[in-house]
Amino acid sequence: MKAVIQRVNKASCTVDGAITGSIEKGLLVYFGVDKGDDASLLPRFLDKIIKLRCFEDGNGKMNLSVLDSDGGVLFISQFTLSADVYHGNRPSFDSAESPDKAEMIYESAVRYLREKGIRTETGVFGAHMEISYINDGPVTFCLDSACFPGKS
């Protein structure tokens with residue numbers, strides 16, 4: 001699994017002219033699933049995102065998580081995070097999980113975030129989406145489950 005995590009002042013997703021999700025202060029998370037990824041990694045992966053201390057405290061230090069700051073999450077499926085762009089000029093998506101399995105993992109991730117009490121908004125899996133946001137900082141992080149210590 002891969003994620004690009006952006007601290008935002010606001011973000012929204014529009015599909016076919018209709019807003020499908022929007023947040024004020026919080027995290028915009030682009031989420032991709034690679035072949036072989038398994039939902040058993042979701043708790044560890046998502047906990048890393050929601051506990052990431054990337055919001056400023058009263059002293060201007062990044063000491064607060066999205067949980068601590070009462071922020072929301074706009075969670076967007078993004079299969080292109082699995083692209084191989086190192087060979088040739090056309091991205092290869094061979095390492096992306098099949099849409100059916102990826103959607104199942106994506107939906108499980110959304111449920112997990114909501115069960116943790118995070119106000120979670122979404123796009124539409126597999127749809128052409130237009131994302132608007134104001135990045136705060138800018139503050140952007142990349143997370144790859146393949147880099148987790150002890151992952152086999």
# chains A, B, ... in the order shown; residues from 1 in each chain; ligands from 1

call {"tool": "select_by_dssp", "arguments": {"residues": "chain A", "states": "strand (DSSP E)", "output": "VMD selection string"}}
result
chain A and resid 2 to 15 18 to 23 26 to 32 55 to 56 62 to 64 72 to 77 119 to 122 130 to 144

call {"tool": "select_by_dssp", "arguments": {"residues": "stretch 34-71 of chain A", "states": "alpha helix (DSSP H)", "output": "NGL selection string"}}
result
:A and (42-51)

call {"tool": "closest_atom_pairs", "arguments": {"of": "stretch 25-54 of chain A", "to": "stretch 4-18 of chain A", "cutoff": "8 Å", "atoms": "only C-alpha atoms", "output": "CSV"}}
result
residue,atom,partner,partner_atom,distance
A:Lys25,CA,A:Asn9,CA,4.3
A:Gly26,CA,A:Val8,CA,5.5
A:Leu27,CA,A:Arg7,CA,4.8
A:Leu28,CA,A:Gln6,CA,5.1
A:Val29,CA,A:Ile5,CA,4.6
A:Tyr30,CA,A:Val4,CA,5.1
A:Phe31,CA,A:Val4,CA,6.8
A:Ile49,CA,A:Ile5,CA,7.7
A:Cys54,CA,A:Arg7,CA,7.3

call {"tool": "residues_around", "arguments": {"residues": "stretch 98-106 of chain A", "least_positions_apart": "3", "cutoff": "12 Å", "atoms": "only C-alpha atoms", "output": "ChimeraX atom specification"}}
result
/A:1-3,29-43,45-46,75-79,82,93-95,109-113,122-127

call {"tool": "atom_distance", "arguments": {"atom1": "atom CA of A:Thr120", "atom2": "atom CA of A:Ser22"}}
result
8.9 Å

call {"tool": "atom_distance", "arguments": {"atom1": "atom CA of A:Leu74", "atom2": "atom CA of A:Ile23"}}
result
6.4 Å

call {"tool": "atom_distance", "arguments": {"atom1": "atom CA of A:Glu24", "atom2": "atom CA of A:Gly137"}}
result
14.9 Å
